[in-house]
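Coordinates from target.cif are shown below (mmCIF, C-alpha atoms).
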data_entry
loop_
_atom_site.label_atom_id
_atom_site.label_comp_id
_atom_site.auth_asym_id
_atom_site.auth_seq_id
_atom_site.Cartn_x
_atom_site.Cartn_y
_atom_site.Cartn_z
CA MET A 1 -10.33 -2.52 -18.92
CA PRO A 2 -10.52 -3.26 -16.03
CA PHE A 3 -7.19 -4.90 -15.32
CA ILE A 4 -7.26 -6.85 -12.07
CA ASN A 5 -4.13 -8.08 -10.34
CA VAL A 6 -4.53 -10.66 -7.59
CA LYS A 7 -1.56 -11.17 -5.28
CA LEU A 8 -1.88 -14.26 -3.08
CA ALA A 9 -0.01 -17.13 -1.48
CA LYS A 10 0.99 -19.95 -3.80
CA GLY A 11 -1.00 -23.13 -3.58
CA ARG A 12 -4.34 -22.63 -5.35
CA THR A 13 -5.23 -24.99 -8.19
CA ALA A 14 -5.95 -23.88 -11.75
CA GLU A 15 -9.56 -24.81 -11.07
CA GLN A 16 -9.79 -22.42 -8.12
CA LYS A 17 -8.18 -19.66 -10.16
CA GLN A 18 -10.60 -20.30 -13.02
CA GLN A 19 -13.62 -20.16 -10.70
CA PHE A 20 -12.39 -16.98 -9.05
CA THR A 21 -11.70 -15.39 -12.44
CA GLU A 22 -15.21 -16.18 -13.60
CA ALA A 23 -16.77 -14.73 -10.46
CA ILE A 24 -14.74 -11.52 -10.69
CA THR A 25 -15.39 -11.12 -14.40
CA LYS A 26 -19.14 -11.54 -14.04
CA ALA A 27 -19.24 -9.16 -11.10
CA ALA A 28 -17.28 -6.58 -13.11
CA ALA A 29 -19.65 -6.89 -16.07
CA GLN A 30 -22.75 -6.51 -13.90
CA ILE A 31 -21.60 -3.87 -11.46
CA LEU A 32 -18.97 -1.82 -13.29
CA ASN A 33 -20.77 -1.73 -16.60
CA VAL A 34 -18.11 -3.31 -18.79
CA LYS A 35 -18.17 -6.20 -21.22
CA GLU A 36 -16.80 -9.51 -19.98
CA GLU A 37 -14.27 -9.68 -22.79
CA TRP A 38 -12.64 -6.43 -21.61
CA VAL A 39 -11.78 -7.85 -18.21
CA THR A 40 -8.26 -9.14 -17.61
CA VAL A 41 -7.27 -10.98 -14.43
CA VAL A 42 -3.67 -11.87 -13.58
CA PHE A 43 -2.43 -13.79 -10.58
CA ASP A 44 0.87 -13.20 -8.80
CA GLU A 45 1.61 -16.18 -6.55
CA TYR A 46 3.98 -15.75 -3.63
CA GLU A 47 6.22 -18.13 -1.77
CA ARG A 48 5.97 -17.64 1.98
CA ASP A 49 9.51 -16.25 2.00
CA ASN A 50 8.25 -13.33 -0.03
CA TRP A 51 5.15 -12.30 1.93
CA ALA A 52 5.24 -10.73 5.36
CA SER A 53 2.70 -9.22 7.70
CA GLY A 54 3.21 -7.57 11.07
CA GLY A 55 6.95 -7.61 10.46
CA THR A 56 7.39 -11.37 9.99
CA LEU A 57 7.78 -13.48 6.85
CA HIS A 58 5.03 -16.07 6.47
CA SER A 59 7.64 -18.82 6.14
CA ILE A 60 8.59 -18.02 9.74
CA LYS A 61 5.02 -17.51 10.96
CA PHE A 62 3.45 -20.53 9.30
CA GLY A 63 6.36 -22.74 8.29
CA GLU A 64 7.36 -23.75 4.79
CA GLY A 65 4.74 -25.13 2.42
CA PHE A 66 1.36 -23.70 1.46
CA GLY A 67 -2.30 -23.70 2.36
CA LYS A 68 -4.61 -22.21 4.91
CA MET A 69 -2.89 -22.44 8.24
CA GLY A 70 -3.32 -19.59 10.63
CA ALA A 71 -3.80 -16.10 9.25
CA GLU A 72 -2.66 -16.29 5.66
CA MET B 73 -2.43 -0.67 5.21
CA PRO B 74 0.24 0.18 4.18
CA PHE B 75 1.01 -2.40 1.50
CA ILE B 76 4.65 -2.33 0.48
CA ASN B 77 5.96 -4.02 -2.64
CA VAL B 78 9.72 -4.47 -2.97
CA LYS B 79 11.04 -5.30 -6.43
CA LEU B 80 14.67 -6.42 -6.42
CA ALA B 81 17.22 -8.73 -8.00
CA LYS B 82 17.02 -12.35 -6.92
CA GLY B 83 19.65 -13.56 -4.54
CA ARG B 84 18.84 -12.31 -1.04
CA THR B 85 18.42 -14.87 1.73
CA ALA B 86 15.25 -15.33 3.76
CA GLU B 87 17.19 -13.86 6.67
CA GLN B 88 17.94 -10.66 4.79
CA LYS B 89 14.32 -10.36 3.72
CA GLN B 90 13.18 -10.91 7.31
CA GLN B 91 15.54 -8.22 8.62
CA PHE B 92 14.47 -5.77 5.96
CA THR B 93 10.79 -6.50 6.62
CA GLU B 94 11.29 -5.81 10.31
CA ALA B 95 13.08 -2.55 9.65
CA ILE B 96 10.40 -1.33 7.23
CA THR B 97 7.55 -2.38 9.49
CA LYS B 98 9.00 -0.63 12.54
CA ALA B 99 9.70 2.50 10.54
CA ALA B 100 6.14 2.49 9.21
CA ALA B 101 4.71 2.12 12.71
CA GLN B 102 6.82 4.96 14.12
CA ILE B 103 6.70 7.42 11.25
CA LEU B 104 3.44 6.76 9.42
CA ASN B 105 1.36 6.24 12.53
CA VAL B 106 0.07 2.74 11.83
CA LYS B 107 0.08 -0.47 13.85
CA GLU B 108 2.76 -3.02 12.99
CA GLU B 109 0.14 -5.70 12.33
CA TRP B 110 -1.39 -3.60 9.53
CA VAL B 111 1.83 -3.55 7.52
CA THR B 112 2.23 -6.00 4.65
CA VAL B 113 5.50 -6.41 2.76
CA VAL B 114 5.82 -8.50 -0.40
CA PHE B 115 8.97 -9.18 -2.39
CA ASP B 116 9.13 -9.62 -6.16
CA GLU B 117 12.46 -11.14 -7.08
CA TYR B 118 13.82 -10.70 -10.60
CA GLU B 119 16.13 -12.74 -12.75
CA ARG B 120 18.69 -10.56 -14.52
CA ASP B 121 16.98 -11.33 -17.84
CA ASN B 122 13.94 -9.46 -16.56
CA TRP B 123 15.49 -6.26 -15.23
CA ALA B 124 17.03 -3.59 -17.43
CA SER B 125 18.43 -0.13 -16.88
CA GLY B 126 19.77 2.34 -19.42
CA GLY B 127 18.47 0.14 -22.21
CA THR B 128 20.37 -3.05 -21.32
CA LEU B 129 19.24 -6.21 -19.53
CA HIS B 130 21.25 -6.89 -16.37
CA SER B 131 22.09 -10.38 -17.65
CA ILE B 132 24.04 -8.64 -20.43
CA LYS B 133 25.48 -5.91 -18.20
CA PHE B 134 26.53 -8.09 -15.27
CA GLY B 135 26.44 -11.66 -16.60
CA GLU B 136 24.23 -14.46 -15.42
CA GLY B 137 23.99 -15.22 -11.71
CA PHE B 138 23.16 -12.90 -8.82
CA GLY B 139 24.70 -10.67 -6.23
CA LYS B 140 26.24 -7.25 -5.96
CA MET B 141 28.42 -6.78 -8.99
CA GLY B 142 28.53 -3.40 -10.59
CA ALA B 143 25.45 -1.19 -10.44
CA GLU B 144 22.60 -3.50 -9.58
CA MET C 145 17.28 -1.47 -7.76
CA PRO C 146 15.45 -2.05 -5.46
CA PHE C 147 12.22 -0.31 -6.47
CA ILE C 148 9.86 0.07 -3.53
CA ASN C 149 6.18 0.95 -3.94
CA VAL C 150 4.29 2.04 -0.84
CA LYS C 151 0.50 2.01 -1.08
CA LEU C 152 -1.20 3.79 1.81
CA ALA C 153 -4.10 5.97 2.84
CA LYS C 154 -3.83 9.63 1.90
CA GLY C 155 -2.99 12.02 4.66
CA ARG C 156 0.70 11.77 5.48
CA THR C 157 2.81 14.93 5.24
CA ALA C 158 5.81 15.32 2.97
CA GLU C 159 7.91 15.26 6.13
CA GLN C 160 6.59 11.86 7.15
CA LYS C 161 7.17 10.53 3.66
CA GLN C 162 10.72 11.90 3.67
CA GLN C 163 11.49 10.30 7.05
CA PHE C 164 10.06 6.97 5.95
CA THR C 165 11.99 7.09 2.69
CA GLU C 166 15.21 7.71 4.57
CA ALA C 167 14.58 4.85 6.96
CA ILE C 168 13.76 2.40 4.17
CA THR C 169 16.69 3.49 2.04
CA LYS C 170 19.19 3.11 4.88
CA ALA C 171 17.77 -0.28 5.80
CA ALA C 172 18.03 -1.40 2.17
CA ALA C 173 21.65 -0.29 1.95
CA GLN C 174 22.64 -2.04 5.17
CA ILE C 175 20.64 -5.23 4.87
CA LEU C 176 20.20 -5.86 1.15
CA ASN C 177 23.70 -4.85 0.17
CA VAL C 178 22.88 -2.08 -2.27
CA LYS C 179 24.01 1.52 -2.58
CA GLU C 180 21.63 4.17 -1.27
CA GLU C 181 21.54 5.91 -4.66
CA TRP C 182 20.10 2.79 -6.31
CA VAL C 183 17.02 2.78 -4.08
CA THR C 184 13.79 4.26 -5.44
CA VAL C 185 10.70 4.74 -3.28
CA VAL C 186 7.33 5.77 -4.71
CA PHE C 187 4.14 6.44 -2.78
CA ASP C 188 0.63 5.69 -4.04
CA GLU C 189 -1.86 7.52 -1.84
CA TYR C 190 -5.46 6.30 -1.68
CA GLU C 191 -8.71 8.00 -0.97
CA ARG C 192 -10.89 5.98 1.40
CA ASP C 193 -13.30 5.31 -1.46
CA ASN C 194 -10.55 3.35 -3.18
CA TRP C 195 -9.34 1.11 -0.35
CA ALA C 196 -11.38 -1.73 1.10
CA SER C 197 -10.74 -4.49 3.60
CA GLY C 198 -13.02 -7.29 4.71
CA GLY C 199 -15.43 -6.37 1.93
CA THR C 200 -16.08 -2.75 2.94
CA LEU C 201 -14.68 0.51 1.57
CA HIS C 202 -12.82 2.52 4.19
CA SER C 203 -15.01 5.54 3.46
CA ILE C 204 -17.91 3.47 4.79
CA LYS C 205 -15.96 1.92 7.67
CA PHE C 206 -14.24 5.06 8.91
CA GLY C 207 -16.12 7.95 7.30
CA GLU C 208 -14.75 10.46 4.84
CA GLY C 209 -11.51 12.25 5.60
CA PHE C 210 -8.11 10.85 6.55
CA GLY C 211 -5.96 9.87 9.47
CA LYS C 212 -5.64 7.12 12.00
CA MET C 213 -9.14 6.18 13.06
CA GLY C 214 -9.89 2.57 13.69
CA ALA C 215 -8.04 -0.07 11.70
CA GLU C 216 -6.59 1.75 8.72
CA MET D 217 12.49 7.57 -13.76
CA PRO D 218 10.52 6.40 -15.65
CA PHE D 219 9.97 2.91 -14.26
CA ILE D 220 8.30 0.66 -16.80
CA ASN D 221 6.72 -2.67 -15.88
CA VAL D 222 5.88 -5.06 -18.70
CA LYS D 223 3.49 -7.91 -17.86
CA LEU D 224 3.33 -10.56 -20.58
CA ALA D 225 2.99 -14.26 -21.29
CA LYS D 226 6.10 -16.34 -20.69
CA GLY D 227 8.01 -17.48 -23.73
CA ARG D 228 10.01 -14.56 -25.10
CA THR D 229 13.78 -14.96 -25.44
CA ALA D 230 16.33 -12.76 -23.70
CA GLU D 231 17.10 -11.36 -27.14
CA GLN D 232 13.52 -10.24 -27.67
CA LYS D 233 13.43 -8.69 -24.24
CA GLN D 234 16.69 -6.87 -24.91
CA GLN D 235 15.43 -5.50 -28.23
CA PHE D 236 12.17 -4.37 -26.69
CA THR D 237 14.00 -2.75 -23.79
CA GLU D 238 16.21 -0.81 -26.20
CA ALA D 239 13.24 0.37 -28.24
CA ILE D 240 11.31 1.53 -25.16
CA THR D 241 14.32 3.21 -23.64
CA LYS D 242 15.16 5.15 -26.78
CA ALA D 243 11.54 6.18 -27.23
CA ALA D 244 11.42 7.38 -23.62
CA ALA D 245 14.58 9.41 -24.05
CA GLN D 246 13.36 11.09 -27.25
CA ILE D 247 9.72 11.62 -26.40
CA LEU D 248 9.56 11.97 -22.62
CA ASN D 249 12.68 14.07 -22.30
CA VAL D 250 14.66 11.84 -19.96
CA LYS D 251 18.16 10.39 -20.10
CA GLU D 252 18.46 6.78 -21.22
CA GLU D 253 20.27 5.83 -18.01
CA TRP D 254 17.25 6.88 -15.92
CA VAL D 255 14.96 4.39 -17.60
CA THR D 256 14.28 1.08 -15.86
CA VAL D 257 12.35 -1.75 -17.52
CA VAL D 258 11.24 -4.87 -15.67
CA PHE D 259 9.42 -7.86 -17.10
CA ASP D 260 6.85 -9.98 -15.26
CA GLU D 261 6.33 -13.21 -17.16
CA TYR D 262 3.11 -15.17 -16.65
CA GLU D 263 2.23 -18.80 -16.98
CA ARG D 264 -1.06 -19.31 -18.81
CA ASP D 265 -2.63 -20.50 -15.56
CA ASN D 266 -2.11 -17.01 -14.15
CA TRP D 267 -3.51 -14.86 -16.96
CA ALA D 268 -7.17 -14.69 -17.87
CA SER D 269 -9.26 -12.60 -20.23
CA GLY D 270 -13.01 -12.62 -20.76
CA GLY D 271 -13.40 -14.84 -17.71
CA THR D 272 -11.20 -17.73 -18.86
CA LEU D 273 -7.62 -18.68 -17.96
CA HIS D 274 -5.33 -18.76 -20.99
CA SER D 275 -4.30 -22.33 -20.14
CA ILE D 276 -7.92 -23.29 -20.84
CA LYS D 277 -8.31 -21.00 -23.86
CA PHE D 278 -5.03 -21.81 -25.58
CA GLY D 279 -3.78 -24.99 -23.92
CA GLU D 280 -0.61 -25.40 -21.90
CA GLY D 281 2.68 -24.17 -23.31
CA PHE D 282 3.59 -20.75 -24.66
CA GLY D 283 3.73 -18.71 -27.82
CA LYS D 284 1.42 -16.85 -30.11
CA MET D 285 -1.63 -18.99 -30.56
CA GLY D 286 -4.95 -17.28 -30.77
CA ALA D 287 -5.43 -13.99 -28.92
CA GLU D 288 -2.64 -13.89 -26.38
CA MET E 289 -1.35 -8.85 -23.44
CA PRO E 290 1.12 -7.31 -22.87
CA PHE E 291 0.06 -4.87 -20.18
CA ILE E 292 2.57 -2.06 -19.75
CA ASN E 293 2.60 0.25 -16.76
CA VAL E 294 4.66 3.43 -17.00
CA LYS E 295 5.42 5.22 -13.73
CA LEU E 296 6.86 8.69 -14.24
CA ALA E 297 6.95 12.24 -12.92
CA LYS E 298 3.90 14.35 -13.67
CA GLY E 299 4.25 16.95 -16.35
CA ARG E 300 4.14 15.26 -19.77
CA THR E 301 1.49 16.40 -22.24
CA ALA E 302 -1.17 14.12 -23.71
CA GLU E 303 0.71 14.45 -26.99
CA GLN E 304 3.91 13.09 -25.48
CA LYS E 305 2.02 10.24 -23.88
CA GLN E 306 0.31 9.45 -27.20
CA GLN E 307 3.64 9.40 -29.07
CA PHE E 308 5.26 7.22 -26.45
CA THR E 309 2.29 4.84 -26.46
CA GLU E 310 2.53 4.49 -30.22
CA ALA E 311 6.24 3.80 -30.11
CA ILE E 312 5.88 1.15 -27.38
CA THR E 313 2.92 -0.50 -29.08
CA LYS E 314 4.68 -0.76 -32.44
CA ALA E 315 7.82 -2.10 -30.83
CA ALA E 316 5.77 -4.70 -28.95
CA ALA E 317 4.05 -5.81 -32.13
CA GLN E 318 7.30 -6.14 -34.06
CA ILE E 319 9.56 -7.60 -31.40
CA LEU E 320 7.28 -9.52 -29.03
CA ASN E 321 5.08 -11.02 -31.72
CA VAL E 322 1.74 -9.68 -30.55
CA LYS E 323 -1.02 -7.75 -32.31
CA GLU E 324 -1.14 -4.00 -31.70
CA GLU E 325 -4.71 -4.21 -30.44
CA TRP E 326 -3.65 -6.52 -27.60
CA VAL E 327 -1.25 -3.96 -26.13
CA THR E 328 -2.41 -1.85 -23.20
CA VAL E 329 -0.36 1.04 -21.82
CA VAL E 330 -1.25 2.86 -18.61
CA PHE E 331 0.52 5.84 -17.09
CA ASP E 332 0.90 6.52 -13.37
CA GLU E 333 1.97 10.11 -12.87
CA TYR E 334 3.72 11.10 -9.66
CA GLU E 335 3.98 14.34 -7.78
CA ARG E 336 7.52 15.02 -6.60
CA ASP E 337 6.38 14.46 -3.02
CA ASN E 338 5.68 10.85 -3.92
CA TRP E 339 8.87 9.87 -5.71
CA ALA E 340 12.24 9.48 -3.99
CA SER E 341 15.66 8.28 -5.02
CA GLY E 342 18.78 7.89 -2.93
CA GLY E 343 16.74 8.53 0.21
CA THR E 344 15.36 11.96 -0.74
CA LEU E 345 11.97 13.01 -2.09
CA HIS E 346 12.21 14.75 -5.46
CA SER E 347 10.29 17.73 -4.09
CA ILE E 348 13.27 18.30 -1.79
CA LYS E 349 15.92 17.48 -4.41
CA PHE E 350 14.44 19.48 -7.29
CA GLY E 351 11.89 21.80 -5.71
CA GLU E 352 8.18 21.82 -6.30
CA GLY E 353 6.84 21.85 -9.85
CA PHE E 354 7.59 19.54 -12.72
CA GLY E 355 9.84 19.03 -15.71
CA LYS E 356 13.38 18.01 -16.46
CA MET E 357 15.56 19.62 -13.86
CA GLY E 358 18.51 17.66 -12.57
CA ALA E 359 18.23 13.89 -12.45
CA GLU E 360 14.53 13.16 -12.71
CA MET F 361 -3.94 -11.93 1.73
CA PRO F 362 -5.07 -11.80 -1.01
CA PHE F 363 -4.35 -8.25 -2.12
CA ILE F 364 -6.39 -7.27 -5.15
CA ASN F 365 -5.62 -4.23 -7.28
CA VAL F 366 -8.28 -3.07 -9.72
CA LYS F 367 -7.16 -0.65 -12.44
CA LEU F 368 -10.04 0.93 -14.31
CA ALA F 369 -11.31 4.08 -15.99
CA LYS F 370 -12.45 6.84 -13.67
CA GLY F 371 -16.16 7.34 -13.33
CA ARG F 372 -17.61 4.61 -11.10
CA THR F 373 -19.52 5.68 -8.00
CA ALA F 374 -18.57 4.71 -4.46
CA GLU F 375 -21.66 2.50 -4.48
CA GLN F 376 -20.44 0.55 -7.52
CA LYS F 377 -17.03 0.14 -5.97
CA GLN F 378 -18.58 -1.06 -2.72
CA GLN F 379 -20.73 -3.64 -4.53
CA PHE F 380 -17.80 -4.87 -6.57
CA THR F 381 -15.63 -5.10 -3.46
CA GLU F 382 -18.27 -7.19 -1.71
CA ALA F 383 -18.65 -9.53 -4.67
CA ILE F 384 -14.88 -10.05 -5.01
CA THR F 385 -14.40 -10.53 -1.28
CA LYS F 386 -17.14 -13.15 -1.00
CA ALA F 387 -15.87 -14.98 -4.05
CA ALA F 388 -12.35 -15.00 -2.59
CA ALA F 389 -13.61 -16.38 0.73
CA GLN F 390 -15.60 -19.16 -0.94
CA ILE F 391 -13.26 -20.16 -3.72
CA LEU F 392 -9.76 -19.34 -2.48
CA ASN F 393 -10.30 -20.53 1.05
CA VAL F 394 -9.49 -17.33 2.90
CA LYS F 395 -11.33 -15.32 5.53
CA GLU F 396 -13.18 -12.23 4.32
CA GLU F 397 -11.26 -10.00 6.71
CA TRP F 398 -7.95 -10.95 5.05
CA VAL F 399 -9.03 -9.61 1.67
CA THR F 400 -7.89 -6.15 0.62
CA VAL F 401 -9.17 -4.44 -2.53
CA VAL F 402 -7.71 -1.20 -3.87
CA PHE F 403 -8.87 0.77 -6.88
CA ASP F 404 -6.62 2.76 -9.21
CA GLU F 405 -8.76 5.07 -11.31
CA TYR F 406 -7.41 6.38 -14.61
CA GLU F 407 -8.09 9.46 -16.63
CA ARG F 408 -8.49 8.70 -20.32
CA ASP F 409 -5.20 10.49 -20.99
CA ASN F 410 -3.46 7.79 -18.99
CA TRP F 411 -4.94 4.64 -20.51
CA ALA F 412 -4.22 3.43 -24.02
CA SER F 413 -5.05 0.34 -26.03
CA GLY F 414 -3.99 -0.58 -29.55
CA GLY F 415 -1.58 2.35 -29.57
CA THR F 416 -4.10 5.13 -28.88
CA LEU F 417 -4.95 7.02 -25.69
CA HIS F 418 -8.60 6.61 -24.68
CA SER F 419 -8.98 10.41 -24.59
CA ILE F 420 -8.35 10.35 -28.33
CA LYS F 421 -10.41 7.23 -29.00
CA PHE F 422 -13.45 8.12 -26.91
CA GLY F 423 -13.11 11.84 -26.22
CA GLU F 424 -12.70 13.49 -22.84
CA GLY F 425 -15.04 12.56 -20.00
CA PHE F 426 -15.91 9.17 -18.58
CA GLY F 427 -18.34 6.31 -18.83
CA LYS F 428 -19.10 3.41 -21.12
CA MET F 429 -18.72 4.66 -24.64
CA GLY F 430 -17.21 2.34 -27.17
CA ALA F 431 -14.62 -0.18 -26.03
CA GLU F 432 -13.46 1.01 -22.62
#
How would this structure read if it were set down as structure tokens?
Amino acid sequence: MPFINVKLAKGRTAEQKQQFTEAITKAAAQILNVKEEWVTVVFDEYERDNWASGGTLHSIKFGEGFGKMGAE
Amino acid sequence: MPFINVKLAKGRTAEQKQQFTEAITKAAAQILNVKEEWVTVVFDEYERDNWASGGTLHSIKFGEGFGKMGAE
Amino acid sequence: MPFINVKLAKGRTAEQKQQFTEAITKAAAQILNVKEEWVTVVFDEYERDNWASGGTLHSIKFGEGFGKMGAE
Amino acid sequence: MPFINVKLAKGRTAEQKQQFTEAITKAAAQILNVKEEWVTVVFDEYERDNWASGGTLHSIKFGEGFGKMGAE
Amino acid sequence: MPFINVKLAKGRTAEQKQQFTEAITKAAAQILNVKEEWVTVVFDEYERDNWASGGTLHSIKFGEGFGKMGAE
Amino acid sequence: MPFINVKLAKGRTAEQKQQFTEAITKAAAQILNVKEEWVTVVFDEYERDNWASGGTLHSIKFGEGFGKMGAE
């Protein structure tokens, strides 16, 4: 505890996920008063065909592929 | 807001997901009193080995592969 | 199947939730090729203290209470 | 109802998932007072790059690949 | 790991939840090859206004209140 | 995007949640290459009757009430 689930577009490297995990885990330990070893972080990565906002799939909005293009 | 997560068997086309997203998003805007651009829809697609009902995996119930066969 | 989880701010009536459920369920049956009785919809309602966007809790952004005020 | 979501490291066989599903479903029927056919179980399987505990991705802690090595 | 999320109608006692947790945890240890202390189980309990199947909220299908009445 | 769901024991103040939200959101912007306004954070708070580890509900392990006592 806590258990943190991060849903995001596919395309981040393991290094980015590791850095983000570390930042979250430290913040949880300091602010939420838990031990670092209690914190679990899991990532759910989404293809653009499986994420939509404003009524439109991101594969249609931004094209196929990944990365920061427009409002993803 | 709202954030809508749709868990379903693999096998729908991007076109079906787009149509469903549109329908959900419009319904949310009309009925729940939100703007369309606030609505997020994400799809989690499942292999039949990872979905079970009544105590039996769907890969055993319906065979491998996808699509509407029996009670999926 | 499908299993649809709707996360949203507290404050909708049972009637709104029923209408939204109906709309989603019909759309699923027509577009995703499933029977209406297979569709499950569950609502997770959030206090403004438990929903944040852009780094700020909605209780701070919009005040306590519920309803459509600003960008929720 | 109930709807049971199992998040775990990739690497279990369909047979293990079937046995676990059966065990959960029977336990639900006996203890929670539901019919077996109401119980749904879905598995989310994670690569080690997408699961972290104590601030470290499991791909870093345990190496690439799957299976029971160390504290996974 | 694993992390198991059980979504169900409100109305079970702490005793039932404890028994079910034990059964799941033992089954996970035996079948999925994990240690019991790695298994986390969390329950999300739903009011009937927040759970719908076949297009109808359970508060409409089964009335207000909880417990095993009809197909819940 | 991203959408971050934090499941934790009940008992944190709105101030703690706000600080944690800020920390996560900034880390996401810096490390994952997204804009702060795209980041959503939602908290699911659990009673000890609804969270179990190692086969035992936390209400049994730690007693009723909240806060950092033992391994929560």
Could I get the residues of chain A with an atom no further than 7 Å from an atom of chain B, each paired with its nearest atom pair and that distance in Å to one decimal, using all atoms listed in the file, sorted by chain and residue number, as CSV?
residue,atom,partner,partner_atom,distance
A:Asp49,CA,B:Ala86,CA,6.1
A:Asn50,CA,B:Phe115,CA,4.8
A:Trp51,CA,B:Val114,CA,4.5
A:Ala52,CA,B:Val113,CA,5.0
A:Ser53,CA,B:Thr112,CA,4.5
A:Gly54,CA,B:Glu109,CA,3.8
A:Gly55,CA,B:Glu94,CA,4.7
A:Thr56,CA,B:Gln90,CA,6.4
A:Leu57,CA,B:Gln90,CA,6.0
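Put simply, the PyMOL selection byres ((chain D and resi 248) around 9) on this file hits Pro218, Ala243, Ala244, Ala245, Gln246, Ile247, Asn249 and Val250 of chain D; Arg300, Gln304, Lys305 and Phe308 of chain E.
When CA of Tyr406 (chain F) is paired with CA of Met361 (chain F), their separation reads 24.8 Å.
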(request) Figure out the distance between CA of Ala153 (chain C) and CA of Ala9 (chain A), please, to one decimal in Å. (result) 23.9 Å
With all atoms of region 151-165 of chain C from the file as input, state the centre and edge lengths in Å to one decimal of the axis-aligned box that has 3 Å extra on each side, as AutoDock Vina command-line options.
--center_x 3.9 --center_y 8.7 --center_z 3.0 --size_x 22.1 --size_y 19.3 --size_z 14.2
(request) Within 8 Å of Ser347 (chain E), counting all atoms listed in the file, which residues show up once you throw out same-chain ones fewer than 4 positions away? Write them as a PyMOL selection string, please. (result) chain E and resi 336-337+351-353
